[in-house]
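Working notes, structure below.
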Amino acid sequence: MIVFFSYVLQVHIVYLGHNHGNQQNLTTKFHIKLLSKVFSREDEAKEAMLYSYWHSFSGFAASLNSTQASKMAKMKEVISIFRSKTLKLHTTRSWDFMGLPLFNTETTPMQLEHGDDVVIGIFDTGIWPESESFQPDPTLGPIPSTWRGRCVAGEGFNPATACNRKLVGARYYLEGFEREYGPLNATGSEAEFRSPRDRLGHGTHTASTAAGSPSSNVSYLGNLAAGTARGGAPRARLAVYKVCWFKDLQGRCSDADILAAFDDAIADGVGVISASLGAPPPLMPFFQSSIDIGAFHASQVGVSVVFSAGNDGPETGVVQNVSPWVITVAAGTIDRGFPTMIVLGNNASFVGQGFLDREMKMKLIDSGKLFDDGSCSFDKWNRRRLATGKIVLCFASIGEISSTGAAITILAINGSGMIFTDSMTKETPQDDFLPTVHVNLYEGTKILHYIESSNDPTVQILPSKTTIGHLPAPSVAHFSSRGPSSISPNILKPDITAPGVNILAAWPPISSPTSLPFDKRSINWNFDSGTSMACPHISGIVALIKSVHPNWSPAAIKSALMTTAYSVDTSSDIIAARGTLKPSDSFDIGAGHVNPLKATDPGLIHDMETQDYVLFLCSLGYQKSQINKMILPSRMINISCHGNHSDIDLNYPAITISDLRSTMTIRRTVRNVGQANAIYFVSVTNPQGVHVMIWPNYLVFSKQRKKIAYYVTITPLKYSQGRYDFGEIVWFDGYHHVKTPLIVQINKSKDETVNIATHSST
């Protein structure tokens, strides 16, 4: 039998660049005309089209076979065409920890003074509008006049009651999802709402974290993490764009739907876009991804776009969402713990971490008695005995099983609880429905030895408590995806770190804490962990900075975040990189952990304008005719790719050289946004085996001279290959410390000749 694969229809996105002000009917007619060239009839082209993108850029999504897609790729009007992929989600005390307390301050906190003129667009699973997080404060003024969006009605979502001065917009997109997976499930345990209403919980959580209104007396399970929950910018407005849908117990997000949301959100007037989603490597080239295209056009009109870095750590090189015009966020811990006392039958005691709301006292059994290989994996269950009335000791190191997987297995064999043993660098509690305490390998091994030496092993586990300030923090979460970027290693990613472990935020009562089908609990506030949670922390801070400095570009805001970040924890040690035993470096934390207050007054910024991105596009190999279609027209922009261009030249607030073979000089430009008359002096921490020279070594700013370039000459002093070394450049004026990470990989063997290469950026 012969199978003609070219006739398999798949959703493709065709990107054409800027719309250049054309009206919807003209743009859509042009899209249909273009699409009709690969169909025999116009009505077939119309039926194949899912979306016509026309507000903020030009393009469309359509069902095409491989032959049709190949024909379209050769058309002169087309910049790129790519298959629509399915992206996945990257799934409180954190604001106090970062220096933004709500109470106990002599003056009004910054987050209660600013933000009400900024709308944060949340790309996620929707929202539960009845949550206390999304009710407007009585002092919140009218909706900003710049807002042009709307609330769209749908199943269980009435705009008249759901939207208000806080939640100012709500839309949903599922053409791409349904074309990929079929009709939305309307019945059973995975029933979804055909509306902006949130079924899964992830979107409600991220929206609450970014801009939730203050809500007092909240907690988890009635006693853990009690306090006042609020978002980073509690006075900012929210607009939700539901692009992810409940499927197989997780959120799935179509590229085609995401790009439609970008098209609307930019036109609606959002100031910040927050998207906690992505796809793991291999990464697609820039402009063959909905998130890169949408974010590029957003940045040109002053909209900051914030993405999560991904949850594939601690392996290196797996960071996602790496375009230079977005802010990519890693996840860190905060100084809050949930100590849970374990007392064995021989009176030996250990302190683990957990979310237990009651005392447990029962028999203790080792997983080796229940599973053929001791792995706590259901397919290895020996089926000779159940775990009825027992707490089971499981090891992550046997069978490489997660705590959730082990918990489901122990539940299936009628166990009452679990002590889960993992590396000390991964010991993070989570709610797995089954009462679980997390301990490290040393403690778990001691417990195992007790079980093996006792004829009747027992254990008593006391209810978990909440402690603050006892743990060194922050540290990089073990799951947080690390750099370097796998497609642009000379652009530092991630950019910044923010809290992302056990963040308490709003949750829809229709969704259980675990989202497992047998979990029937209903809550209004839930813990969640992931770079998904770190992303909206930064989005809220960006909204505050944008409100304080409305004329700053997205690049300026990113620079302020990065150059003021810190890299030491509460014990004055270098922030630890969990999942390893090493101190963190720039590929773990980016420029460091965010410092919201300092980011509003950075002193100097590395700004980037459209002209900078033109040169970056030149370095990627795009031609003048293509670039002309991708950027907003302006007489001030020179669309030319003459000469040699490198991504190292981009005026990024970090210097990364992935292939240093000889002496290289790099130019960076800084703009003074602090006191008009200022003198900055420089200090350098050299990466190992590298000599760095800065010229000039001091910068004098005045009212007439606000922007100054400096040059960094980097010389390799050693023979090395395949190893990154880390340093930094710091400009200081006695008050501001403007830090630029410096990351170098020397690729120089003894038989190579030394050449001098000079690079510069504007």
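Chain labels follow the order of the structure tokens: the first chain is A, the next B, and so on; residue numbering restarts at 1 in every chain, and ligands are counted from 1 in their shown order.
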
Skipping near chain neighbours, those fewer than 6 positions away, what residues fall within 9 Å of Leu370 of chain A using only C-alpha atoms, listed as number ranges by chain? A: 376, 380-387

May I have the residues within 12 Å of Asn164 of chain A as a PyMOL selection string, using only C-alpha atoms and disregarding those fewer than 6 positions away in the same chain? chain A and resi 129-130+134-138+140-143+150-151+158+170+237-239

Excluding Arg336 of chain A and its own-chain neighbours fewer than 5 positions away, which residues fall within 8 Å of it when counting only C-alpha atoms? Please give them as an NGL selection string. :A and (93 or 466-471)

Restricted to C-alpha atoms, what would the selected residues look like written as a PDB file, in the first residue's frame?
```pdb
ATOM      1  CA  ARG A  93       5.096  35.503  50.927  1.00  0.00           C
ATOM      2  CA  THR A 466       5.087  27.389  58.403  1.00  0.00           C
ATOM      3  CA  THR A 467       8.433  29.077  59.060  1.00  0.00           C
ATOM      4  CA  ILE A 468       9.833  32.266  57.566  1.00  0.00           C
ATOM      5  CA  GLY A 469      13.426  33.401  57.408  1.00  0.00           C
ATOM      6  CA  HIS A 470      15.031  30.122  58.541  1.00  0.00           C
ATOM      7  CA  LEU A 471      16.107  28.912  55.090  1.00  0.00           C
TER       8      LEU A 471
END
```

Residue contacts of Cys244 of chain A (10 Å, only C-alpha atoms) excluding same-chain residues fewer than 5 positions away, as an mmCIF file with all heavy atoms, in the first residue's frame:
```
data_model
loop_
_atom_site.group_PDB
_atom_site.id
_atom_site.type_symbol
_atom_site.label_atom_id
_atom_site.label_comp_id
_atom_site.auth_asym_id
_atom_site.auth_seq_id
_atom_site.Cartn_x
_atom_site.Cartn_y
_atom_site.Cartn_z
ATOM 1 N N THR A 86 2.122 22.472 19.438
ATOM 2 C CA THR A 86 1.401 22.557 20.703
ATOM 3 C C THR A 86 2.393 22.888 21.798
ATOM 4 O O THR A 86 3.355 22.151 22.019
ATOM 5 C CB THR A 86 0.676 21.242 21.021
ATOM 6 O OG1 THR A 86 -0.301 20.982 20.010
ATOM 7 C CG2 THR A 86 -0.019 21.327 22.371
ATOM 8 N N LEU A 87 2.177 23.997 22.477
ATOM 9 C CA LEU A 87 3.020 24.395 23.596
ATOM 10 C C LEU A 87 2.367 23.960 24.897
ATOM 11 O O LEU A 87 1.166 23.677 24.935
ATOM 12 C CB LEU A 87 3.238 25.911 23.598
ATOM 13 C CG LEU A 87 4.267 26.467 22.602
ATOM 14 C CD1 LEU A 87 3.837 26.240 21.168
ATOM 15 C CD2 LEU A 87 4.497 27.962 22.830
ATOM 16 N N LYS A 88 3.161 23.893 25.945
ATOM 17 C CA LYS A 88 2.655 23.448 27.240
ATOM 18 C C LYS A 88 2.939 24.503 28.302
ATOM 19 O O LYS A 88 3.834 25.339 28.168
ATOM 20 C CB LYS A 88 3.291 22.105 27.637
ATOM 21 C CG LYS A 88 2.928 20.963 26.707
ATOM 22 C CD LYS A 88 3.537 19.648 27.167
ATOM 23 C CE LYS A 88 3.160 18.502 26.246
ATOM 24 N NZ LYS A 88 3.762 17.218 26.686
ATOM 25 N N LEU A 89 2.161 24.434 29.377
ATOM 26 C CA LEU A 89 2.339 25.337 30.506
ATOM 27 C C LEU A 89 3.574 24.958 31.297
ATOM 28 O O LEU A 89 3.952 23.785 31.355
ATOM 29 C CB LEU A 89 1.106 25.296 31.410
ATOM 30 C CG LEU A 89 -0.217 25.673 30.740
ATOM 31 C CD1 LEU A 89 -1.379 25.341 31.657
ATOM 32 C CD2 LEU A 89 -0.229 27.149 30.381
ATOM 33 N N PHE A 123 -1.647 35.377 28.986
ATOM 34 C CA PHE A 123 -1.892 34.307 28.021
ATOM 35 C C PHE A 123 -1.830 32.987 28.777
ATOM 36 O O PHE A 123 -0.744 32.524 29.153
ATOM 37 C CB PHE A 123 -0.830 34.311 26.926
ATOM 38 C CG PHE A 123 -0.927 35.447 25.940
ATOM 39 C CD1 PHE A 123 -1.649 36.590 26.223
ATOM 40 C CD2 PHE A 123 -0.284 35.374 24.717
ATOM 41 C CE1 PHE A 123 -1.740 37.638 25.313
ATOM 42 C CE2 PHE A 123 -0.364 36.406 23.794
ATOM 43 C CZ PHE A 123 -1.094 37.544 24.093
ATOM 44 N N ASP A 124 -2.976 32.348 28.980
ATOM 45 C CA ASP A 124 -2.977 31.174 29.854
ATOM 46 C C ASP A 124 -4.273 30.386 29.670
ATOM 47 O O ASP A 124 -4.837 30.362 28.574
ATOM 48 C CB ASP A 124 -2.791 31.613 31.311
ATOM 49 C CG ASP A 124 -1.940 30.639 32.115
ATOM 50 O OD1 ASP A 124 -2.385 29.492 32.295
ATOM 51 O OD2 ASP A 124 -0.852 31.024 32.561
ATOM 52 N N THR A 125 -4.763 29.781 30.765
ATOM 53 C CA THR A 125 -5.943 28.911 30.711
ATOM 54 C C THR A 125 -7.232 29.640 31.053
ATOM 55 O O THR A 125 -8.259 29.002 31.253
ATOM 56 C CB THR A 125 -5.775 27.725 31.678
ATOM 57 O OG1 THR A 125 -5.664 28.223 33.023
ATOM 58 C CG2 THR A 125 -4.547 26.900 31.342
ATOM 59 N N GLY A 126 -7.194 30.972 31.121
ATOM 60 C CA GLY A 126 -8.395 31.729 31.455
ATOM 61 C C GLY A 126 -8.368 32.225 32.887
ATOM 62 O O GLY A 126 -7.308 32.339 33.505
ATOM 63 N N TYR A 172 -11.082 34.361 24.281
ATOM 64 C CA TYR A 172 -10.637 32.966 24.192
ATOM 65 C C TYR A 172 -10.431 32.566 22.736
ATOM 66 O O TYR A 172 -11.059 33.113 21.825
ATOM 67 C CB TYR A 172 -11.607 32.021 24.892
ATOM 68 C CG TYR A 172 -13.000 31.926 24.294
ATOM 69 C CD1 TYR A 172 -13.340 30.865 23.456
ATOM 70 C CD2 TYR A 172 -13.976 32.872 24.585
ATOM 71 C CE1 TYR A 172 -14.618 30.767 22.914
ATOM 72 C CE2 TYR A 172 -15.256 32.781 24.062
ATOM 73 C CZ TYR A 172 -15.571 31.727 23.221
ATOM 74 O OH TYR A 172 -16.833 31.624 22.689
ATOM 75 N N TYR A 173 -9.507 31.602 22.524
ATOM 76 C CA TYR A 173 -9.079 31.192 21.190
ATOM 77 C C TYR A 173 -8.938 29.671 21.171
ATOM 78 O O TYR A 173 -8.150 29.121 21.951
ATOM 79 C CB TYR A 173 -7.730 31.831 20.838
ATOM 80 C CG TYR A 173 -7.711 33.327 21.021
ATOM 81 C CD1 TYR A 173 -7.487 33.885 22.289
ATOM 82 C CD2 TYR A 173 -7.937 34.180 19.962
ATOM 83 C CE1 TYR A 173 -7.492 35.252 22.475
ATOM 84 C CE2 TYR A 173 -7.938 35.561 20.140
ATOM 85 C CZ TYR A 173 -7.718 36.090 21.396
ATOM 86 O OH TYR A 173 -7.724 37.448 21.587
ATOM 87 N N LEU A 174 -9.672 29.016 20.290
ATOM 88 C CA LEU A 174 -9.537 27.557 20.239
ATOM 89 C C LEU A 174 -9.626 26.961 18.837
ATOM 90 O O LEU A 174 -9.721 25.750 18.676
ATOM 91 C CB LEU A 174 -10.558 26.885 21.163
ATOM 92 C CG LEU A 174 -12.026 27.294 21.179
ATOM 93 C CD1 LEU A 174 -12.757 26.973 19.906
ATOM 94 C CD2 LEU A 174 -12.711 26.614 22.352
ATOM 95 N N PHE A 177 -6.577 24.756 18.514
ATOM 96 C CA PHE A 177 -6.681 23.587 19.394
ATOM 97 C C PHE A 177 -7.661 22.565 18.828
ATOM 98 O O PHE A 177 -7.357 21.370 18.764
ATOM 99 C CB PHE A 177 -7.125 24.031 20.788
ATOM 100 C CG PHE A 177 -7.348 22.902 21.760
ATOM 101 C CD1 PHE A 177 -6.299 22.398 22.506
ATOM 102 C CD2 PHE A 177 -8.603 22.330 21.912
ATOM 103 C CE1 PHE A 177 -6.496 21.352 23.389
ATOM 104 C CE2 PHE A 177 -8.812 21.289 22.797
ATOM 105 C CZ PHE A 177 -7.755 20.795 23.537
ATOM 106 N N ASP A 198 -11.759 29.726 33.527
ATOM 107 C CA ASP A 198 -10.645 28.805 33.763
ATOM 108 C C ASP A 198 -11.133 27.476 34.320
ATOM 109 O O ASP A 198 -11.806 27.438 35.344
ATOM 110 C CB ASP A 198 -9.658 29.463 34.744
ATOM 111 C CG ASP A 198 -8.377 28.678 34.935
ATOM 112 O OD1 ASP A 198 -8.163 27.684 34.222
ATOM 113 O OD2 ASP A 198 -7.575 29.080 35.802
ATOM 114 N N LEU A 200 -8.717 24.750 34.482
ATOM 115 C CA LEU A 200 -7.531 24.063 35.001
ATOM 116 C C LEU A 200 -6.961 24.716 36.253
ATOM 117 O O LEU A 200 -6.481 24.026 37.147
ATOM 118 C CB LEU A 200 -6.462 24.015 33.908
ATOM 119 C CG LEU A 200 -5.235 23.153 34.138
ATOM 120 C CD1 LEU A 200 -5.628 21.702 34.391
ATOM 121 C CD2 LEU A 200 -4.299 23.232 32.941
ATOM 122 N N HIS A 202 -4.410 27.119 36.283
ATOM 123 C CA HIS A 202 -3.108 27.729 36.023
ATOM 124 C C HIS A 202 -3.236 29.217 35.702
ATOM 125 O O HIS A 202 -2.478 30.058 36.210
ATOM 126 C CB HIS A 202 -2.442 26.979 34.868
ATOM 127 C CG HIS A 202 -1.000 27.279 34.657
ATOM 128 N ND1 HIS A 202 -0.575 28.350 33.903
ATOM 129 C CD2 HIS A 202 0.121 26.644 35.076
ATOM 130 C CE1 HIS A 202 0.753 28.351 33.867
ATOM 131 N NE2 HIS A 202 1.205 27.337 34.563
ATOM 132 N N GLY A 203 -4.203 29.580 34.849
ATOM 133 C CA GLY A 203 -4.366 30.972 34.464
ATOM 134 C C GLY A 203 -4.822 31.858 35.604
ATOM 135 O O GLY A 203 -4.383 33.005 35.733
ATOM 136 N N GLN A 250 -3.545 18.327 31.611
ATOM 137 C CA GLN A 250 -2.635 19.466 31.530
ATOM 138 C C GLN A 250 -3.153 20.478 30.514
ATOM 139 O O GLN A 250 -4.115 20.222 29.797
ATOM 140 C CB GLN A 250 -1.218 19.010 31.152
ATOM 141 C CG GLN A 250 -1.138 18.270 29.830
ATOM 142 C CD GLN A 250 0.276 17.806 29.527
ATOM 143 O OE1 GLN A 250 1.224 18.589 29.585
ATOM 144 N NE2 GLN A 250 0.429 16.533 29.221
ATOM 145 N N GLY A 251 -2.511 21.645 30.474
ATOM 146 C CA GLY A 251 -2.903 22.671 29.525
ATOM 147 C C GLY A 251 -2.125 22.541 28.235
ATOM 148 O O GLY A 251 -0.905 22.409 28.246
ATOM 149 N N ARG A 252 -2.847 22.585 27.108
ATOM 150 C CA ARG A 252 -2.214 22.518 25.787
ATOM 151 C C ARG A 252 -2.582 23.772 25.011
ATOM 152 O O ARG A 252 -3.729 24.191 24.999
ATOM 153 C CB ARG A 252 -2.631 21.255 25.045
ATOM 154 C CG ARG A 252 -2.184 19.976 25.759
ATOM 155 C CD ARG A 252 -2.521 18.734 24.953
ATOM 156 N NE ARG A 252 -2.152 17.517 25.662
ATOM 157 C CZ ARG A 252 -0.960 16.943 25.606
ATOM 158 N NH1 ARG A 252 -0.006 17.489 24.867
ATOM 159 N NH2 ARG A 252 -0.702 15.829 26.271
ATOM 160 N N CYS A 253 -1.585 24.338 24.330
ATOM 161 C CA CYS A 253 -1.734 25.664 23.743
ATOM 162 C C CYS A 253 -1.244 25.623 22.296
ATOM 163 O O CYS A 253 -0.092 25.282 22.042
ATOM 164 C CB CYS A 253 -0.912 26.697 24.527
ATOM 165 S SG CYS A 253 -0.733 26.351 26.310
ATOM 166 N N SER A 254 -2.106 25.980 21.361
ATOM 167 C CA SER A 254 -1.772 25.944 19.939
ATOM 168 C C SER A 254 -1.066 27.219 19.505
ATOM 169 O O SER A 254 -1.483 28.328 19.856
ATOM 170 C CB SER A 254 -3.041 25.735 19.116
ATOM 171 O OG SER A 254 -2.835 26.063 17.762
ATOM 172 N N ASP A 257 -3.416 29.694 17.912
ATOM 173 C CA ASP A 257 -4.234 30.442 18.868
ATOM 174 C C ASP A 257 -3.414 31.511 19.590
ATOM 175 O O ASP A 257 -3.898 32.622 19.844
ATOM 176 C CB ASP A 257 -4.858 29.486 19.890
ATOM 177 C CG ASP A 257 -5.826 28.493 19.261
ATOM 178 O OD1 ASP A 257 -6.386 28.817 18.202
ATOM 179 O OD2 ASP A 257 -6.017 27.407 19.831
ATOM 180 N N ILE A 258 -2.182 31.176 19.934
ATOM 181 C CA ILE A 258 -1.317 32.135 20.636
ATOM 182 C C ILE A 258 -1.060 33.360 19.768
ATOM 183 O O ILE A 258 -1.115 34.506 20.240
ATOM 184 C CB ILE A 258 0.010 31.463 21.040
ATOM 185 C CG1 ILE A 258 -0.239 30.387 22.104
ATOM 186 C CG2 ILE A 258 1.010 32.492 21.552
ATOM 187 C CD1 ILE A 258 0.946 29.472 22.343
ATOM 188 N N LEU A 277 4.354 29.700 29.234
ATOM 189 C CA LEU A 277 4.210 28.544 28.364
ATOM 190 C C LEU A 277 5.408 28.475 27.431
ATOM 191 O O LEU A 277 6.199 29.411 27.333
ATOM 192 C CB LEU A 277 2.892 28.633 27.572
ATOM 193 C CG LEU A 277 2.537 29.973 26.914
ATOM 194 C CD1 LEU A 277 3.244 30.162 25.579
ATOM 195 C CD2 LEU A 277 1.044 30.097 26.719
#
```

So that I can check the surroundings of Met284 of chain A, please list as a list in words every protein, DNA and RNA residue that reaches within 12 Å of it, counting only C-alpha atoms and ignoring chain neighbours fewer than 3 positions away. Ser80, Ile81, Phe82, Arg83, Ser84, Lys85, Gly278, Ala279, Pro280, Pro281, Phe287, Gln288, Ser289, Ser290, Ile291, Asp292, Ile293, Gln320, Asn321, Val322, Ser323, Ser485, Ser486, Ile487 and Ser488 of chain A

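Checking A:Ser559, A:Asn455, A:Ser481, A:Ser299 one by one against His606 of chain A, counting only C-alpha atoms, you find the shortest gap at A:Ser559.
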
Using only C-alpha atoms, find the one residue out of A:Thr206, A:Thr497, A:Gln430, A:Ser58 that sits nearest to Gly294 of chain A. A:Ser58

Mind checking which residues fall within 12 Å of Ala191 of chain A, counting only C-alpha atoms, ignoring those fewer than 6 positions away in the same chain, and posting them as an mmCIF file with C-alpha atoms, in the first residue's frame?
```cif
data_model
loop_
_atom_site.group_PDB
_atom_site.id
_atom_site.type_symbol
_atom_site.label_atom_id
_atom_site.label_comp_id
_atom_site.auth_asym_id
_atom_site.auth_seq_id
_atom_site.Cartn_x
_atom_site.Cartn_y
_atom_site.Cartn_z
ATOM 1 C CA GLU A 155 -20.082 29.314 28.481
ATOM 2 C CA PRO A 183 -14.057 19.347 19.406
ATOM 3 C CA LEU A 184 -13.602 20.648 22.939
ATOM 4 C CA ASN A 185 -14.565 18.123 25.597
ATOM 5 C CA ASP A 198 -10.645 28.805 33.763
ATOM 6 C CA ARG A 199 -11.097 25.044 34.155
ATOM 7 C CA LEU A 200 -7.531 24.063 35.001
ATOM 8 C CA TRP A 245 -7.081 24.183 27.130
ATOM 9 C CA PHE A 246 -7.539 21.245 29.494
ATOM 10 C CA LYS A 247 -6.371 18.048 27.782
ATOM 11 C CA ASP A 248 -4.926 14.886 29.381
ATOM 12 C CA LEU A 249 -4.724 16.565 32.809
ATOM 13 C CA ILE A 510 -13.965 23.702 40.450
ATOM 14 C CA SER A 511 -10.375 22.470 40.099
ATOM 15 C CA PRO A 517 -9.417 13.103 38.620
#
```

Determine, using only C-alpha atoms, which residues of segment 283-392 of chain A have any atom at most 12 Å from an atom of segment 633-651 of chain A, and tabulate each with its shortest atom pair and distance in Å to one decimal place, rows ordered by chain and then rising number, as a tab-separated table.
```
residue	atom	partner	partner_atom	distance
A:Gln300	CA	A:Pro633	CA	10.8
A:Val301	CA	A:Pro633	CA	12.0
A:Ser323	CA	A:Asp647	CA	11.3
A:Pro324	CA	A:Leu650	CA	8.9
A:Trp325	CA	A:Leu650	CA	10.8
```

Restricting the output to N, CA and C atoms, write the selected residues as a PDB file, in the first residue's frame.
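Final output, result24.pdb:
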```pdb
ATOM      1  N   GLN A 300       7.968  46.442  19.390  1.00  0.00           N
ATOM      2  CA  GLN A 300       8.099  47.622  18.527  1.00  0.00           C
ATOM      3  C   GLN A 300       7.126  48.735  18.902  1.00  0.00           C
ATOM      4  N   VAL A 301       6.017  48.364  19.557  1.00  0.00           N
ATOM      5  CA  VAL A 301       5.036  49.386  19.956  1.00  0.00           C
ATOM      6  C   VAL A 301       5.052  49.602  21.465  1.00  0.00           C
ATOM      7  N   SER A 323      14.320  34.654  22.563  1.00  0.00           N
ATOM      8  CA  SER A 323      14.527  35.814  21.698  1.00  0.00           C
ATOM      9  C   SER A 323      14.966  37.017  22.534  1.00  0.00           C
ATOM     10  N   PRO A 324      15.801  37.883  21.976  1.00  0.00           N
ATOM     11  CA  PRO A 324      16.363  38.991  22.777  1.00  0.00           C
ATOM     12  C   PRO A 324      15.349  40.077  23.116  1.00  0.00           C
ATOM     13  N   TRP A 325      14.196  40.089  22.452  1.00  0.00           N
ATOM     14  CA  TRP A 325      13.200  41.139  22.723  1.00  0.00           C
ATOM     15  C   TRP A 325      12.194  40.728  23.792  1.00  0.00           C
TER      16      TRP A 325
END
```

Mind checking which residues fall within 9 Å of Ser586 of chain A, counting only C-alpha atoms, ignoring those fewer than 2 positions away in the same chain, and posting them as a ChimeraX atom specification? /A:482-484,492-495,584,588-592,726,741-743

Name the residues of segment 423-538 of chain A that fall into strand (DSSP E) according to DSSP on the backbone, using the chain letters and numbers of this document, as a list in words.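 Checking each residue of segment 423-538 of chain A, the strand (DSSP E) ones are Thr436, Val437, His438, Val439, Asn440, Thr458, Val459, Gln460, Ile461, Thr467, Ile468, Ile496, Thr497, Ala498, Pro499, Ile503, Leu504, Ala505, Ala506, Trp525, Asn526, Phe527 and Asp528 of chain A.
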
So which one's closest to Ser52 of chain A, A:Ser66, A:Ser547, A:Asn686, A:Asn25? Using only C-alpha atoms, please.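 For Ser52 of chain A, the nearest of the given residues is A:Asn25.
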
Would you work out the distance separating atom CA of Asp366 of chain A from atom CA of Gly345 of chain A, expressed in Å to one decimal?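 So the two atoms, atom CA of Asp366 of chain A and atom CA of Gly345 of chain A, lie 14.4 Å apart.
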